[in-house]
Every structure is written in C-alpha cells, then in structure tokens.
file structure.cif (mmCIF, C-alpha atoms and all ligand atoms)
data_protein
#
loop_
_atom_site.label_atom_id
_atom_site.label_comp_id
_atom_site.auth_asym_id
_atom_site.auth_seq_id
_atom_site.Cartn_x
_atom_site.Cartn_y
_atom_site.Cartn_z
CA MET A 1 25.88 8.09 -0.93
CA GLY A 2 24.96 4.59 -2.02
CA GLY A 3 23.10 5.31 -5.25
CA TRP A 4 19.41 4.99 -5.96
CA ALA A 5 17.10 2.22 -4.75
CA ILE A 6 13.43 1.40 -5.26
CA ALA A 7 10.95 -1.01 -3.69
CA VAL A 8 7.31 -1.71 -4.55
CA HIS A 9 4.62 -3.75 -2.83
CA GLY A 10 1.29 -5.14 -3.91
CA GLY A 11 -0.06 -5.99 -0.49
CA ALA A 12 0.70 -8.15 2.51
CA GLY A 13 -1.03 -11.34 3.49
CA VAL A 14 -1.52 -13.50 0.41
CA ASP A 15 -3.60 -16.62 0.00
CA PRO A 16 -1.31 -19.63 0.54
CA ASN A 17 -3.31 -21.38 -2.17
CA LEU A 18 -3.06 -18.52 -4.63
CA PRO A 19 -3.04 -20.12 -8.12
CA LEU A 20 0.38 -20.12 -9.79
CA GLU A 21 -0.99 -18.19 -12.73
CA ARG A 22 -2.06 -15.40 -10.41
CA GLN A 23 1.32 -15.40 -8.70
CA GLU A 24 2.97 -15.05 -12.11
CA GLN A 25 0.67 -12.16 -13.09
CA ALA A 26 1.58 -10.38 -9.87
CA LYS A 27 5.29 -10.86 -10.47
CA VAL A 28 5.01 -9.61 -14.05
CA LEU A 29 3.18 -6.50 -12.89
CA LEU A 30 5.67 -5.82 -10.09
CA THR A 31 8.56 -6.26 -12.54
CA ARG A 32 6.94 -3.90 -15.04
CA CYS A 33 6.50 -1.28 -12.33
CA LEU A 34 10.06 -1.69 -11.09
CA ASN A 35 11.32 -1.20 -14.64
CA ILE A 36 9.28 1.99 -14.99
CA GLY A 37 10.86 3.23 -11.76
CA ILE A 38 14.36 2.19 -12.81
CA SER A 39 14.13 4.06 -16.14
CA ALA A 40 12.86 7.14 -14.33
CA LEU A 41 15.71 6.97 -11.84
CA ARG A 42 18.24 6.51 -14.64
CA SER A 43 16.80 9.68 -16.19
CA SER A 44 17.46 11.44 -12.86
CA LEU A 45 13.81 12.02 -11.94
CA PRO A 46 13.47 12.99 -8.27
CA ALA A 47 12.23 10.32 -5.84
CA ILE A 48 8.84 12.01 -5.40
CA ASP A 49 8.13 11.81 -9.15
CA VAL A 50 9.18 8.19 -9.28
CA VAL A 51 6.92 6.99 -6.46
CA GLU A 52 3.96 8.78 -8.04
CA LEU A 53 4.68 7.32 -11.46
CA VAL A 54 4.95 3.77 -10.17
CA VAL A 55 1.86 3.92 -7.97
CA ARG A 56 -0.16 5.45 -10.84
CA GLU A 57 0.75 2.46 -12.95
CA LEU A 58 -0.35 0.07 -10.20
CA GLU A 59 -3.61 1.98 -9.79
CA SER A 60 -4.44 1.59 -13.46
CA ASP A 61 -4.06 -2.21 -13.33
CA PRO A 62 -6.99 -4.15 -11.77
CA LEU A 63 -4.77 -6.89 -10.29
CA PHE A 64 -4.10 -5.22 -6.96
CA ASN A 65 -6.39 -3.34 -4.61
CA SER A 66 -5.96 0.29 -5.67
CA GLY A 67 -7.59 2.45 -8.32
CA ARG A 68 -9.24 0.04 -10.76
CA GLY A 69 -9.75 -3.23 -8.86
CA SER A 70 -10.21 -1.52 -5.49
CA ALA A 71 -11.92 -3.44 -2.71
CA LEU A 72 -15.60 -2.57 -2.25
CA THR A 73 -17.42 -1.03 0.67
CA GLU A 74 -20.39 -2.75 2.29
CA LYS A 75 -22.53 -0.71 -0.11
CA GLY A 76 -20.76 -2.12 -3.15
CA THR A 77 -19.09 1.19 -3.94
CA VAL A 78 -15.42 2.13 -4.08
CA GLU A 79 -13.92 4.64 -1.63
CA MET A 80 -10.21 4.96 -2.33
CA GLU A 81 -7.42 6.55 -0.36
CA ALA A 82 -3.81 7.41 -0.98
CA SER A 83 -0.90 9.39 0.38
CA ILE A 84 2.48 10.58 -0.76
CA MET A 85 5.42 12.07 1.11
CA ASP A 86 8.60 13.73 -0.02
CA GLY A 87 11.30 13.23 2.61
CA HIS A 88 13.17 16.13 1.10
CA GLY A 89 11.52 18.97 3.02
CA ARG A 90 8.99 16.60 4.65
CA ARG A 91 6.09 17.63 2.44
CA CYS A 92 3.04 15.41 2.24
CA GLY A 93 -0.44 15.03 0.78
CA ALA A 94 -3.27 12.57 1.31
CA VAL A 95 -6.83 11.81 0.21
CA SER A 96 -9.62 9.55 1.46
CA GLY A 97 -13.12 8.69 0.31
CA VAL A 98 -12.30 9.37 -3.33
CA THR A 99 -14.90 7.86 -5.66
CA THR A 100 -14.33 9.18 -9.18
CA VAL A 101 -10.66 10.20 -9.35
CA LYS A 102 -8.75 7.91 -11.70
CA SER A 103 -5.46 8.27 -9.86
CA PRO A 104 -5.83 8.91 -6.12
CA VAL A 105 -2.04 9.10 -5.62
CA SER A 106 -1.78 11.96 -8.09
CA LEU A 107 -4.60 13.75 -6.30
CA ALA A 108 -2.66 13.31 -3.05
CA ARG A 109 0.34 14.89 -4.78
CA LEU A 110 -1.83 17.84 -5.81
CA VAL A 111 -3.08 18.25 -2.24
CA MET A 112 0.59 18.47 -1.25
CA GLU A 113 1.51 20.96 -3.93
CA LYS A 114 -1.62 22.91 -4.81
CA SER A 115 -3.58 23.19 -1.58
CA PRO A 116 -2.73 24.80 1.75
CA HIS A 117 -3.55 21.47 3.44
CA SER A 118 -2.09 18.01 3.77
CA TYR A 119 -5.23 15.85 3.77
CA LEU A 120 -8.58 16.15 1.98
CA ALA A 121 -11.43 13.65 2.14
CA PHE A 122 -14.77 12.68 0.59
CA SER A 123 -16.78 15.46 -1.14
CA GLY A 124 -14.12 18.08 -0.46
CA ALA A 125 -11.45 15.93 -2.07
CA GLU A 126 -13.67 15.31 -5.10
CA GLU A 127 -14.41 19.01 -5.43
CA PHE A 128 -10.70 19.80 -5.24
CA ALA A 129 -10.03 17.17 -7.92
CA ARG A 130 -12.61 18.77 -10.26
CA ARG A 131 -11.07 22.19 -9.69
CA GLN A 132 -7.62 20.81 -10.48
CA GLY A 133 -8.93 19.27 -13.69
CA VAL A 134 -7.68 15.73 -12.97
CA GLU A 135 -9.06 12.78 -14.90
CA MET A 136 -12.37 11.63 -13.40
CA VAL A 137 -14.34 8.49 -14.24
CA ASP A 138 -17.58 6.84 -13.08
CA ASN A 139 -17.33 4.83 -9.88
CA GLU A 140 -18.13 1.72 -11.99
CA TYR A 141 -14.73 2.02 -13.70
CA PHE A 142 -13.08 0.87 -10.47
CA ILE A 143 -15.44 -2.06 -9.83
CA THR A 144 -14.44 -5.46 -11.21
CA GLU A 145 -16.72 -8.46 -11.57
CA GLU A 146 -14.40 -10.51 -9.40
CA ASN A 147 -14.64 -8.02 -6.56
CA VAL A 148 -18.45 -7.95 -6.80
CA GLY A 149 -18.40 -11.73 -6.29
CA MET A 150 -16.03 -11.44 -3.36
CA LEU A 151 -18.17 -8.79 -1.70
CA GLN A 152 -21.07 -11.19 -1.98
CA LEU A 153 -19.00 -13.88 -0.24
CA ALA A 154 -17.92 -11.44 2.44
CA LYS A 155 -21.52 -10.50 3.11
CA GLU A 156 -22.65 -14.11 3.28
CA ALA A 157 -19.86 -14.79 5.78
CA ASN A 158 -20.61 -11.54 7.61
CA THR A 159 -16.94 -10.72 7.53
CA ILE A 160 -14.54 -7.99 6.55
CA LEU A 161 -12.40 -9.91 4.12
CA PHE A 162 -8.71 -9.29 4.13
CA ASP A 163 -7.89 -11.60 1.35
CA TYR A 164 -11.05 -11.48 -0.64
CA ARG A 165 -9.77 -14.28 -2.85
CA ILE A 166 -9.66 -16.82 -0.05
CA PRO A 167 -12.82 -18.80 0.62
CA THR A 168 -13.84 -18.40 4.22
CA VAL A 169 -13.70 -22.13 4.82
CA GLY A 170 -10.44 -24.05 4.92
CA PHE A 171 -8.25 -21.13 5.82
CA ASP A 172 -6.86 -22.98 8.82
CA LYS A 173 -4.32 -24.31 6.29
CA CYS A 174 -2.72 -20.90 6.50
CA SER A 175 -0.04 -21.04 9.18
CA ALA A 176 -0.10 -17.27 9.56
CA VAL A 177 -3.56 -17.41 11.09
CA VAL A 178 -2.87 -16.96 14.75
CA GLU A 179 -6.05 -15.72 16.33
CA ASN A 180 -9.10 -17.74 17.05
CA PRO A 181 -11.68 -16.48 16.47
CA LEU A 182 -10.22 -14.07 13.93
CA GLN A 183 -11.27 -10.60 14.84
CA MET A 184 -10.42 -7.04 14.06
CA ASN A 185 -11.56 -4.48 16.57
CA GLY A 186 -14.14 -7.00 17.72
CA LEU A 187 -15.46 -7.81 14.24
CA PRO A 188 -15.00 -11.06 12.37
CA ILE A 189 -12.46 -11.14 9.57
CA SER A 190 -11.08 -13.70 7.21
CA VAL A 191 -7.37 -14.26 6.58
CA TYR A 192 -4.77 -11.76 5.60
CA ALA A 193 -4.03 -10.63 2.09
CA PRO A 194 -5.12 -7.18 1.28
CA GLU A 195 -3.42 -6.07 -1.86
CA THR A 196 -2.80 -2.42 -1.40
CA VAL A 197 0.07 -0.93 -3.40
CA GLY A 198 3.03 1.18 -2.40
CA CYS A 199 6.40 2.40 -3.58
CA VAL A 200 9.45 3.81 -1.82
CA VAL A 201 12.41 5.38 -3.56
CA VAL A 202 15.73 6.97 -2.76
CA ASP A 203 17.11 8.81 -5.76
CA GLY A 204 20.72 9.41 -6.79
CA GLU A 205 20.77 12.58 -4.68
CA GLY A 206 19.82 10.67 -1.54
CA ARG A 207 16.26 12.06 -1.41
CA CYS A 208 13.67 9.60 -0.06
CA ALA A 209 9.96 9.46 -0.94
CA ALA A 210 7.04 7.12 -0.29
CA ALA A 211 3.52 6.62 -1.66
CA THR A 212 0.68 4.22 -0.83
CA SER A 213 -2.73 3.72 -2.50
CA THR A 214 -5.65 1.45 -1.66
CA GLY A 215 -9.32 0.66 -1.87
CA GLY A 216 -9.12 -0.41 1.79
CA LEU A 217 -10.74 -3.62 2.99
CA MET A 218 -13.43 -5.61 1.21
CA ASN A 219 -16.85 -5.05 2.88
CA LYS A 220 -15.47 -2.19 4.98
CA MET A 221 -17.96 0.27 6.44
CA SER A 222 -18.58 3.27 4.24
CA GLY A 223 -16.47 6.09 5.68
CA ARG A 224 -13.81 3.80 7.11
CA ILE A 225 -10.30 5.24 6.84
CA GLY A 226 -7.31 2.92 7.06
CA ASP A 227 -3.59 3.48 7.52
CA SER A 228 -2.70 4.07 3.87
CA PRO A 229 -3.56 7.79 3.75
CA LEU A 230 -2.26 8.45 7.26
CA ILE A 231 1.20 9.98 7.29
CA GLY A 232 3.26 8.23 9.94
CA ALA A 233 1.08 5.10 9.89
CA GLY A 234 0.91 3.71 6.33
CA THR A 235 3.32 6.13 4.67
CA TYR A 236 6.30 8.16 5.80
CA ALA A 237 9.43 9.73 4.35
CA CYS A 238 12.06 12.00 5.85
CA GLU A 239 15.77 12.74 5.39
CA VAL A 240 16.78 9.23 6.49
CA CYS A 241 14.26 6.85 4.93
CA GLY A 242 11.00 6.23 3.08
CA VAL A 243 8.43 3.63 4.20
CA SER A 244 5.15 2.20 2.84
CA CYS A 245 3.04 -0.30 4.82
CA THR A 246 0.34 -2.80 3.98
CA GLY A 247 -1.86 -5.12 6.00
CA GLU A 248 -4.53 -4.61 8.63
CA GLY A 249 -4.85 -0.85 8.72
CA GLU A 250 -6.16 -0.77 12.27
CA ALA A 251 -3.00 -2.55 13.53
CA ILE A 252 -0.71 -0.35 11.45
CA ILE A 253 -2.39 2.78 12.82
CA ARG A 254 -1.98 1.55 16.42
CA GLY A 255 1.72 0.97 15.78
CA THR A 256 2.35 4.19 13.78
CA LEU A 257 4.45 1.75 11.83
CA ALA A 258 6.01 3.85 9.07
CA ARG A 259 7.14 6.62 11.39
CA GLU A 260 8.49 4.09 13.89
CA VAL A 261 11.00 2.81 11.33
CA ALA A 262 12.35 6.35 10.88
CA ALA A 263 12.31 6.96 14.65
CA VAL A 264 14.29 3.80 15.37
CA MET A 265 16.88 4.84 12.78
CA GLU A 266 17.05 8.40 14.09
CA TYR A 267 16.94 7.81 17.84
CA LYS A 268 18.31 4.30 18.24
CA GLY A 269 20.86 4.62 15.45
CA LEU A 270 20.04 1.23 13.91
CA GLY A 271 20.50 0.53 10.19
CA LEU A 272 17.53 0.20 7.83
CA GLN A 273 16.95 -3.58 7.91
CA ASP A 274 17.52 -3.73 11.69
CA SER A 275 15.02 -0.91 12.19
CA VAL A 276 12.43 -2.63 10.01
CA ASP A 277 12.95 -5.92 11.90
CA TYR A 278 12.71 -4.15 15.24
CA VAL A 279 9.46 -2.39 14.35
CA VAL A 280 7.83 -5.50 12.88
CA LYS A 281 8.76 -7.44 16.03
CA GLU A 282 8.05 -4.80 18.67
CA ARG A 283 5.27 -2.64 17.26
CA LEU A 284 3.10 -4.91 15.15
CA ASP A 285 0.58 -7.49 16.29
CA GLN A 286 1.49 -10.95 14.97
CA GLY A 287 0.24 -11.83 11.50
CA LYS A 288 -1.01 -8.39 10.62
CA ALA A 289 1.13 -6.55 8.12
CA GLY A 290 4.33 -5.77 6.29
CA LEU A 291 6.31 -2.86 4.93
CA ILE A 292 8.95 -1.82 2.44
CA ALA A 293 11.64 0.79 3.07
CA VAL A 294 14.64 2.55 1.58
CA SER A 295 17.34 4.61 3.29
CA ARG A 296 19.21 7.67 2.09
CA ASN A 297 22.29 5.46 1.77
CA GLY A 298 20.68 3.50 -1.05
CA GLU A 299 19.69 0.51 1.09
CA VAL A 300 16.42 -1.31 0.59
CA ALA A 301 14.62 -3.48 3.17
CA TYR A 302 11.31 -5.15 3.83
CA GLY A 303 9.64 -7.00 6.65
CA PHE A 304 6.30 -8.71 7.30
CA ASN A 305 4.81 -11.01 9.89
CA CYS A 306 2.11 -12.58 7.77
CA ILE A 307 2.36 -15.40 5.26
CA GLY A 308 3.56 -13.33 2.34
CA MET A 309 3.84 -9.92 0.72
CA PHE A 310 3.86 -9.10 -2.98
CA ARG A 311 7.04 -7.10 -3.37
CA GLY A 312 9.99 -6.21 -5.51
CA CYS A 313 13.09 -4.08 -5.30
CA ALA A 314 16.06 -2.86 -7.33
CA THR A 315 19.24 -0.95 -6.61
CA GLN A 316 21.63 1.07 -8.75
CA ASP A 317 24.30 -1.65 -8.69
CA GLY A 318 22.05 -3.88 -10.83
CA PHE A 319 20.34 -5.97 -8.14
CA MET A 320 16.66 -6.69 -8.77
CA GLU A 321 14.19 -9.21 -7.32
CA VAL A 322 10.47 -9.83 -6.97
CA GLY A 323 8.93 -12.19 -4.45
CA ILE A 324 5.76 -13.18 -2.65
CA TRP A 325 6.62 -15.59 0.14
CA GLU A 326 9.16 -15.55 2.97
N1 LIG B 1 -3.70 -1.29 4.90
C1 LIG B 1 -4.85 -1.27 4.05
C2 LIG B 1 -6.06 -0.87 4.83
O1 LIG B 1 -6.22 -1.28 5.97
C3 LIG B 1 -5.12 -2.59 3.44
C4 LIG B 1 -3.97 -3.16 2.69
O2 LIG B 1 -2.84 -2.96 3.03
O3 LIG B 1 -4.25 -3.86 1.72
O4 LIG B 1 -6.88 -0.18 4.29
#
call {"tool": "encode", "arguments": {"input": "structure.cif", "output": "structure tokens", "more": "lines below"}}
Ligand code: ASP
result
Amino acid sequence: MGGWAIAVHGGAGVDPNLPLERQEQAKVLLTRCLNIGISALRSSLPAIDVVELVVRELESDPLFNSGRGSALTEKGTVEMEASIMDGHGRRCGAVSGVTTVKSPVSLARLVMEKSPHSYLAFSGAEEFARRQGVEMVDNEYFITEENVGMLQLAKEANTILFDYRIPTVGFDKCSAVVENPLQMNGLPISVYAPETVGCVVVDGEGRCAAATSTGGLMNKMSGRIGDSPLIGAGTYACEVCGVSCTGEGEAIIRGTLAREVAAVMEYKGLGLQDSVDYVVKERLDQGKAGLIAVSRNGEVAYGFNCIGMFRGCATQDGFMEVGIWE
C-alpha cells in the first residue's frame, strides 16, 4: 500500500490569456481545497468523505463552475449536476437538473445512501432533497453577475461557450483550437475551458473514491445532461482507481472516459499514468478534455489534451503541487 493521495481539478480548457490575478485566485482555491483534503486524510476519514468534503468547498466558491458560479442555461437559470462514487463496494449516486440545492454533490451522496436508486433528476431530485432536509436556496444564489454577462455574449455569438471568459473573437491565438469551424454535435462553440470541479482520493486503507460537480456549459439547452453525473463517463471509482473528468461532456460521454481508465488498468495491466495517457490518446477527441486519477497504490496522475487544466495533487510522502498549464 502506497499511502493516501488526493487530486482536485477546477476544469479543463483554460483561456490562454487568463489574467494572472485570476490564475492566482484559482491556485489559492485549489491549494485551500487540497489542504482540507489532506487534513481529513490525516484524520483517517474514508476516501468517500474526503471527496465530498472537497467538492462541497469548491461548490461554495463562485470561482469555478459548480454550485455558486455555475454556468447558465439558455434561459438564464442554473441546472446543476453532480455524482459521487465509492470504489469500496462500487456504490454511487448522481443528480441532474438541480436548481435549489446548495450542495449537489452532497445530494448525490444522499441518493447513494438514502435512496434505492443511483440517479435522480430535475423535480424528483428536488423533491428528494426537500425530504432529506438538505440546505436549499433560491436559484439566484447560484447566479453571478459575471456569468450573466457571459451568457449575454454567448447569445450574441449564438454559441455554447466552453470558456465563457474568452471573447469569441481572437481565440485563434489558442493553439489547442483544432477544429474549424468549431462545432459540438453540429452546433457552434467557442474555445475550451469549462471549469467544472472534481476530486479523487485514495485513503490510507487503499479505498478509492471520486466526485464531480458542475453547472454544465454556458448557454446549454435546458434539460441538457453532460458527463459529470454519468458514472463511467465523468466519474468512476472501483477497487483499483478513482477518476474525475472535465471538458466537453459530449466527447467524454462518447469515450466513457473515466471507466476506460479503470478498464485499461484492469484488463491491459497498465499502471495509472500509462492508463491515463492511453485513454487520453486513444479514446478522446483532440482538444476536448482532461481527467485526474488516483490508484489504490497511492499513485496520482492526470492527463488532458487541451491547453490547460486547473488541478492540484498531494500524496502522503509530502508531495504537493498545483498547476494550470502543461
Ligand atoms: N464536462 C462538463 C460538461 O460537459 C463541463 C466541464 O467539464 O466543465 O457539462
């Protein structure tokens, strides 16, 4: 057993011209979340508790696209989704279309533990949340002024914005832009930098867990479901590893990315980083996404094929880093 390890992400893509101040804010937040996870692991909390704790913290901060600060639908509302999986026993829970639940990841955990199901959505998920007595807030709580402005831009450009902070002109500076015209399932999009959040943990007992939470894509259709709540696509954990993905949900779903990492480890016998590299190369369309992963042996790995990914990791032997670019 290689000790505990933790990784967090705050979305793949990233505006190449992202102001330094914003980059610093992201790094500070990622570091704060890593430290929360590290203390929890030092107190011997199980992996499943740690991923929930860390993602809850990210959801409460408006910087990334989850909980408060979530991307807006075409109607200007917020429809959030999240999932969580405990590799120990392969238990999972997920929610979509959540509009008033303060912490979607905790609701996903309740679906896992307090319902006979693994996935609840829209009015049924909200009703379940009320019955469970979780903290609920007005939809406005999640909406930031900045995101309202970005939705306006997205509408003017008639685009589903990936990085809603990048103006739709001048993005050819971004070397990660590979398609021309940029399209997603036949619809126009801008460049890549959704800022979904996720956390993967292996605890001192070798138990892996993963959680992912998001508002989805700016200007998405109401009712759209991405990869983040889909077990096997955006999130997966089993006996061998835990994985959380971020990027263009439609591409991640096509590649069943998170499960593929585990499958490559299980069936091909590759190590964690090799499996991540293999899946990013073989199963993911160029420029689309990234992922973080831990293995039961206490290894941590990440991979992405877009310009950057907000991320951080730490291991029991004292290693810790946060980064954005390659
Ligand atoms: N994967 C998310 C989605 O498509 C977006 C993200 O990662 O930021 O909803």
call {"tool": "residues_around", "arguments": {"input": "structure.cif", "residues": "range 131-146 of chain A", "least_positions_apart": "3", "cutoff": "7 Å", "atoms": "all atoms listed in the file", "output": "PyMOL selection string"}}
result
chain A and resi 67-70+78+99-102+127-128+149-150
call {"tool": "residues_around", "arguments": {"input": "structure.cif", "residues": "Lys220 in chain A", "least_positions_apart": "4", "cutoff": "10 Å", "atoms": "all atoms listed in the file", "output": "list in words"}}
result
Ala71, Leu72, Thr73, Glu74, Lys75, Gly76, Glu79, Leu151, Ala154, Thr159, Ile160, Leu161, Phe162, Gly215, Gly216, Arg224, Ile225 and Gly226 of chain A
call {"tool": "residues_near_ligand", "arguments": {"input": "structure.cif", "ligand": "ligand LIG 1 (chain B)", "cutoff": "7 Å", "atoms": "only C-alpha atoms and all ligand atoms", "output": "count of residues only"}}
result
22
call {"tool": "residues_around", "arguments": {"input": "structure.cif", "residues": "range 268-284 of chain A", "least_positions_apart": "4", "cutoff": "6 Å", "atoms": "all atoms listed in the file", "output": "PyMOL selection string"}}
result
chain A and resi 255+261+264+301
call {"tool": "write_last_selection", "arguments": {"input": "structure.cif", "atoms": "C-alpha atoms", "output": "mmCIF file, in the coordinates of the input"}}
result
data_model
loop_
_atom_site.group_PDB
_atom_site.id
_atom_site.type_symbol
_atom_site.label_atom_id
_atom_site.label_comp_id
_atom_site.auth_asym_id
_atom_site.auth_seq_id
_atom_site.Cartn_x
_atom_site.Cartn_y
_atom_site.Cartn_z
ATOM 1 C CA GLY A 255 1.720 0.970 15.780
ATOM 2 C CA VAL A 261 11.000 2.810 11.330
ATOM 3 C CA VAL A 264 14.290 3.800 15.370
ATOM 4 C CA ALA A 301 14.620 -3.480 3.170
#
call {"tool": "closest_residue", "arguments": {"input": "structure.cif", "among": "A:Asn305, A:Ser295, A:Thr77, A:Ser222", "to": "Trp325 in chain A", "atoms": "all atoms listed in the file"}}
result
A:Asn305
call {"tool": "axis_aligned_box", "arguments": {"input": "structure.cif", "around": "range 37-50 of chain A", "padding_each_side": "6 Å", "output": "JSON"}}
result
{"center_x": 13.2, "center_y": 7.6, "center_z": -10.8, "size_x": 22.1, "size_y": 22.8, "size_z": 22.8}
call {"tool": "closest_residue", "arguments": {"input": "structure.cif", "among": "A:Cys241, A:Ala40, A:Leu230, A:Leu53", "to": "Gly206 in chain A", "atoms": "all atoms listed in the file"}}
result
A:Cys241
call {"tool": "closest_residue", "arguments": {"input": "structure.cif", "among": "A:Met221, A:Ser213, A:Arg207, A:Pro104", "to": "Lys155 in chain A", "atoms": "only C-alpha atoms"}}
result
A:Met221
call {"tool": "residues_around", "arguments": {"input": "structure.cif", "residues": "Gly3 in chain A", "least_positions_apart": "2", "cutoff": "9 Å", "atoms": "only C-alpha atoms", "output": "ChimeraX atom specification"}}
result
/A:1,5,202-206,296-299,315-317
call {"tool": "closest_residue", "arguments": {"input": "structure.cif", "among": "A:Gly2, A:Gly318, A:Gly93, A:Pro46", "to": "Pro116 in chain A", "atoms": "only C-alpha atoms"}}
result
A:Gly93
call {"tool": "closest_residue", "arguments": {"input": "structure.cif", "among": "A:Ala251, A:Ala314, A:Val200, A:Ala289", "to": "Val14 in chain A", "atoms": "only C-alpha atoms"}}
result
A:Ala289
